[in-house]
Every structure is written in C-alpha cells, then in structure tokens.
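The structure appears right after this line, and notes come after that.
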Amino acid sequence: MKAAIIGSGVGGLATAIRLAAKGYRVTVFEQSERIGGKLNELRMGDFRFDTGPSLFTLPNLVDELFDVAGEGKSNAFEYKQLENVTRYFYPNGKVLNSWADPKRFAHEAEIVLGEPATNIENYLNECEELYNLTANMFMFSPFPTWEGFKSEEAKKIGLNLKKLKAFETMHKVNKRSFKQKETIQLFNRFATYNGSNPYKAPGTLTIIPHLEHNIGAYFPKKGMYSIALSMFELAQKLGVKFHLNCPVQRIEYNNGKVAGIKANGIADSYDIVVNNTDIFTAYPSQMPDSKLSWFYKRHEPSSSALIFYWGVKGTHPQLDVHNILFSNNYAKEFEILGRKGITNDPTVYVFISSKAVTSDAPEGHENWFVMVNVPPDYGQDWKELTAQAKTNIITKIKRELNIDIEPKILTEEILSPPLIEQKTGSYRGALYGISSNNRFAAFSRHPNRSKSIKGLYFVGGSVHPGGGIPLCLASAKIVDNMIKPI
Ligand SMILES: Cc1cc2nc3c(=O)[nH]c(=O)nc-3n(C[C@H](O)[C@H](O)[C@H](O)COP(=O)(O)OP(=O)(O)OC[C@H]3O[C@@H](n4cnc5c(N)ncnc54)[C@H](O)[C@@H]3O)c2cc1C
C-alpha cells in the first residue's frame with residue numbers, strides 16, 4: 001500500500017512516521033527546499049534562529065512517535081523543562097516571572113501584582129479540570145462525528161456544560177477570576193496561542209494555560225527546528241522517501257476514490273493521500289473540481305505575525321528565553337487588529353533561544369526573535385506597516401527595558417504575513433488556520449477525512465483539531481487511527 005503526503009509540516013512528518021510504522025510505503029512531497037513548514041530555521045552568519053514556533057508544550061506527543069516507530073529511549077528526541085516559562089514586562093514597570101511551578105508563580109504574582117495567590121491556584125485547577133473534561137474529545141478524537149456526540153465523554157461534557165465556559169468570552173472568565181488588570185491581561189494572552197482574540201474567543205480556551213503552567217513548557221536541547229529534523233530523520237529511518245522542491249499540482253481521484261497525485265508534472269498512483277497543506281489553498285489549486293464548503297470558509301483566519309530576526313551585539317541578563325512586553329491597552333490592540341491594522345503600542349514578544357542553546361549565537365551576542373501579532377494579509381501596505389512597527393518596537397524596548405537596541409542589531413531578516421503565505425502556502429499568512437473567535441470554532445474545522453473522496457485525509461493546522469504543534473501532532477494521531485493497518 002502506497003501513501004503520499006503533501007507537505008512536510010509537523011503534521012505531515014508525524015503522519016509519515018505513523019503510516020510507515022504501520023507498513024505503508026510513504027512518500028512525502030514538499031514544495032520547499034526544506035522540511036518543516038512553519039516550524040523552520042534561519043541561519044545568518046554565526047546566528048541561528050527558529051523562525052516559527054518557539055513555545056513547546058506536550059512534548060510527549062513527539063516522544064510517542066519514537067515509541068510508535070519502535071525506537072529505544074536512547075534515540076529519543078531531547079528537551080528540557082523551562083524553569084521560568086515567560087518573563088512579563090508591564091508598561092508600569094512591573095516585571096513578573098511565570099515560574100513553571102504553579103505555587104511559585106502564584107506567590108510571585110501576589111508579591112509583584114498584588115494578585116491573591118489562591119486566585120491563580122484556583123484558576124489553574126479549573127484549567128486542568130477543563131482539559132481533563134474536553135481534551136480527549138476535542139483534541140484527540142475525529143470530532144465532530146455522530147459517534148462522538150453519542151459517546152460517554154460527550155455525555156459527561158453535556159452534564160458539565162457550564163464548566164466549558166463556552167457561553168462567555170475568555171476575557172470575561174479572566175475578569176471574574178482575577179483582581180488585578182495585569183493578571184487578566186496575562187491570561188488573556190493565551191488566546192493568541194491559537195491566533196484568537198480574547199475579547200471574542202470563548203472561555204473554553206482557558207484550557208491553554210493548563211498546557212503551559214500545569215503540564216509545563218519545554219525547550220528542545222538543540223532548538224525548536226530540531227523537532228522537525230528529528231522527525232525527518234526518524235521518518236527516513238523507517239524508509240519514508242522525501243521529494244523536496246516538489247510542489248504537488250493535483251490530487252487525482254475518480255469515482256469517489258483517490259487515485260494518486262501529480263507533482264512536478266508527473267502523475268503517480270497512491271492508495272492513500274494525506275494533505276498537510278492549508279485547505280484554503282489546497283482546494284482551489286490541487287482539487288479544483290471539489291469545492292470547499294461555505295461552512296468552512298465563513299470563519300475568519302487566525303492572526304498572523306510580523307517578526308524581526310536580529311543578530312544582536314551584547315547580552316541582556318534582564319531578559320529570559322521567552323519575554324513579553326505588554327501593551328498599555330490590550331483591548332485596543334485587538335480592536336485595531338480586527339480592523340486589519342497594527343497598534344502603535346503593540347505587545348512585543350522577544351524570544352532568545354541562545355539563552356537556552358548557547359551555540360545559537362556567537363559568544364557575547366544574542367539571537368533576538370522579535371514578534372508582534374498582526375492581522376492576516378488582506379493586501380495591506382506591509383512595507384509601511386513593517387517600518388512603523390519596527391520604530392514602535394525599538395522605542396518600546398528602549399522605554400521599558402532601557403536597551404538601545406538599534407545600534408546593536410548586526411544582522412536582520414523580516415517575516416511578514418505575505419512571506420509566511422509564500423513560504424508555507426498558509427492562507428493569508430494565518431499562523432493557526434481559522435481563529436477561535438466564536439464559540440462554534442471547535443466544531444467548524446475541516447474534518448481529517450474527506451467525505452466525498454475515499455482515501456483522502458487532511459492533517460495539520462488548517463483542519464481539526466487546529467493549529468499549534470501539539471494540535472498538529474494530535475491531528476496526525478487522529479488520521480493514523482482512521483487508517484487501517486496493512
Ligand atoms: C511565526 C510563528 C510562530 C508560531 N508560534 C508557535 C508556538 O510558539 N507554538 C506552537 O505550538 N505553534 C506555533 N506556531 C504554529 C505552528 O507553527 C503551526 O501550527 C504548525 O507548525 C503547522 O504545521 P502543519 O502541519 O499545519 O504544516 P505547515 O507548517 O503549515 O506546513 C505545510 C507544508 O506544506 C508545504 N506545501 C504547501 N503547498 C504544497 C504543495 N502544493 N506541494 C507540496 N508541499 C506544499 C509547505 O511548503 C509547508 O512545508 C507558530 C507559527 C508561526 C508561523
């Protein structure tokens with residue numbers, strides 16, 4: 001049995017490993033010269049940058065691939081837990097470490113923000129309860145299906161509907177959970193982990209802090225791109241063939257059954273095709289005869305990102321691996337984002353992997369990944385927006401960190417929404433497929449199996465259960481469970 005996988009994003013790589021371990025002859029077709037999709041890296045002189053994801057949760061989903069492949073622990077992928085998940089800087093000068101240990105984190109929030117520690121402890125307990133109630137059904141099952149609705153789990157959810165917090169926004173949940181506006185802002189930020197707006201997204205998204213604060217945030221010993229590379233090596237070990245620089249033009253099917261693919265002008269037959277590319281671009285380009293239903297098209301894309309990769313002279317002990325410089329007015333920031341613009345006072349994320357992986361920057365230097373959330377690409381003037389954002393970011397770093405960063409920047413690369421779309425095929429440069437800006441988003445993602453074409457499957461951030469590394473790995477697991485062993 002032959003399986004073709006279109007795209008080598010994290011979802012495509014995980015599916016390749018799982019199907020090869022099942023005995024399929026797997027070939028991966030990747031349009032780019034590099035594997036990994038959004039999970040990628042960039043080298044500038046002696047600096048190395050992870051260009052996409054930087055926060056790594058649920059690493060057990062990567063470990064599981066090594067188990068599935070029958071690899072011993074000694075060959076497994078290496079990572080460590082971060083002691084401090086994120087360092088938060090507020091415009092009023094307060095600085096808060098969100099320690100991995102929930103009690104330590106809650107204690108620090110009480111001292112720095114004046115937030116009663118019990119508020120954070122109770123909140124994180126509720127996040128855990130929500131995760132335990134919903135994760136299996138929403139993250140690891142081929143939802144929504146009628147079988148799913150009738151399952152014991154669904155009944156349990158039905159009996160605990162209030163705990164889902166689906167009928168209030170994430171901001172509303174956080175507002176009634178915390179006393180201080182800084183704590184509300186901190187927990188509102190988790191909506192951005194799937195490209196959503198906390199003032200619109202349902203409170204159900206409060207499941208996200210559980211991943212980071214109760215289970216833990218991790219960092220691979222060789223940086224984020226090593227997640228993709230280790231999966232690539234594992235897949236090759238299992239005999240998976242990779243064709244790079246090889247865009248797939250067509251998914252071939254007839255009489256409601258998949259027949260194969262056409263890549264680089266050459267058609268080949270396959271029993272199974274797994275599409276790992278964004279469905280919003282895949283349908284019109286690779287399956288022009290099969291229209292993507294209006295049902296999936298009506299949702300807004302998730303947010304995108306504008307990122308500056310700076311090779312920086314000097315080291316900055318006031319910063320950690322993950323740092324957030326909050327904006328003064330979070331609600332306004334999202335309101336402007338909703339109007340497809342960027343506020344002059346954006347929340348700035350500074351990720352410095354060289355603090356964890358010293359070889360990522362020469363001695364006495366750091367590799368800064370400086371990101372702001374931006375709207376998807378609707379044809380805005382990105383040259384103008386980028387120039388304005390850069391000025392605003394540099395001013396903010398000077399004002400809040402007292403670092404005059406501009407003269408320290410030795411090398412620079414920039415990633416914007418149109419470039420994200422160009423490099424990864426992601427519709428409008430969205431980072432996480434569709435946003436969760438309404439309470440039905442969890443039910444509105446494209447399923448992992450085609451309803452009309454037998455043998456055609458979908459994996460990755462644009463389909464169920466959604467974007468982000470853990471969910472893409474979960475989608476691969478769902479697809480794996482749908483495909484019978486040989
Ligand atoms: C800047 C940024 C920051 C992020 N931060 C985080 C984070 O901190 N934590 C987190 O968990 N997630 C984060 N994400 C999201 C995460 O990166 C994605 O959800 C995930 O990597 C998407 O994987 P995927 O399987 O959907 O495939 P993608 O990464 O979307 O890859 C799809 C692949 O398909 C290829 N392709 C497209 N069309 C074709 C074709 N016709 N033929 C062949 N190949 C094709 C593309 O070249 C690409 O390699 C971030 C993303 C970005 C961009």
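Following the order of the structure tokens, first chain is A, next is B, and so on, with residues numbered from 1 inside each chain and ligands from 1 in the order they appear.
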
Mind checking DSSP for region 327-441 of chain A and telling me the strand (DSSP E) residues as a JSON list (two decimals) with C-alpha atoms, in the first residue's frame?
```
[["chain", "number", "residue", "atom", "x", "y", "z"],
["A", 348, "VAL", "CA", 6.06, 42.66, 21.83],
["A", 349, "TYR", "CA", 7.34, 39.12, 22.20],
["A", 350, "VAL", "CA", 11.12, 38.70, 22.44],
["A", 351, "PHE", "CA", 12.35, 35.11, 22.14],
["A", 352, "ILE", "CA", 16.08, 34.49, 22.65],
["A", 365, "HIS", "CA", 25.88, 38.04, 21.37],
["A", 366, "GLU", "CA", 22.21, 37.01, 21.32],
["A", 367, "ASN", "CA", 19.70, 35.98, 18.65],
["A", 368, "TRP", "CA", 16.53, 38.03, 19.09],
["A", 369, "PHE", "CA", 13.26, 36.91, 17.53],
["A", 370, "VAL", "CA", 11.03, 39.94, 18.00],
["A", 371, "MET", "CA", 7.39, 39.39, 17.12],
["A", 372, "VAL", "CA", 4.11, 41.29, 17.16],
["A", 373, "ASN", "CA", 0.71, 39.81, 16.38],
["A", 374, "VAL", "CA", -0.68, 41.27, 13.18],
["A", 409, "ILE", "CA", 21.49, 44.98, 15.55],
["A", 410, "LEU", "CA", 24.21, 43.35, 13.43],
["A", 411, "THR", "CA", 22.01, 41.34, 11.06],
["A", 412, "GLU", "CA", 18.31, 41.39, 10.26],
["A", 413, "GLU", "CA", 15.70, 39.34, 8.44],
["A", 414, "ILE", "CA", 11.97, 40.03, 8.46],
["A", 415, "LEU", "CA", 8.98, 37.72, 8.11]]
```

Could you list, as a CSV table (one decimal) with C-alpha atoms, in the first residue's frame, every residue within 8 Å of region 447-464 of chain A, counting only C-alpha atoms and ignoring same-chain residues fewer than 4 positions away?
```csv
chain,number,residue,atom,x,y,z
A,9,GLY,CA,4.9,20.4,8.2
A,10,VAL,CA,4.9,18.9,11.6
A,11,GLY,CA,1.5,17.3,10.9
A,12,GLY,CA,2.8,15.7,7.6
A,15,THR,CA,1.7,11.2,9.7
A,142,PRO,CA,-12.2,12.9,15.0
A,143,PHE,CA,-14.7,15.4,16.1
A,144,PRO,CA,-17.4,16.3,15.2
A,253,TYR,CA,-9.3,10.9,-7.9
A,256,GLY,CA,-15.1,9.0,-5.4
A,257,LYS,CA,-11.8,7.3,-4.7
A,258,VAL,CA,-8.3,8.8,-4.5
A,271,ASP,CA,-3.8,4.2,-2.4
A,272,ILE,CA,-3.9,7.0,0.2
A,273,VAL,CA,-3.2,10.7,0.0
A,274,VAL,CA,-2.8,12.8,3.1
A,275,ASN,CA,-2.9,16.5,2.5
A,276,ASN,CA,-0.8,18.6,5.0
A,277,THR,CA,-1.2,21.9,3.2
A,278,ASP,CA,-3.6,24.6,4.1
A,279,ILE,CA,-7.0,23.5,2.9
A,280,PHE,CA,-8.0,27.1,1.9
A,432,TYR,CA,-3.1,28.6,13.0
A,433,GLY,CA,-5.7,28.1,10.3
A,434,ILE,CA,-9.0,29.6,11.4
A,442,ALA,CA,-14.1,23.9,17.6
A,468,GLY,CA,0.0,24.8,17.0
A,471,LEU,CA,-2.7,20.0,17.8
A,472,CYS,CA,-1.0,19.3,14.5
A,473,LEU,CA,0.6,16.2,16.2
A,475,SER,CA,-4.3,15.6,14.0
A,476,ALA,CA,-1.7,13.1,12.8
A,478,ILE,CA,-6.4,11.0,14.5
A,479,VAL,CA,-5.5,10.3,10.9
```

Mind checking which residues fall within 10 Å of Gly338 (chain A), counting only C-alpha atoms, ignoring those fewer than 5 positions away in the same chain, and posting them as a PyMOL selection string?
chain A and resi 197+303+332-333+374-376

Which residues, written as a VMD selection string, have at least one atom at most 12 Å from Lys222 (chain A), with only C-alpha atoms counted and residues fewer than 5 positions away on the same chain left out?
chain A and resid 41 48 to 50 77 to 80 227 to 230 353 to 360
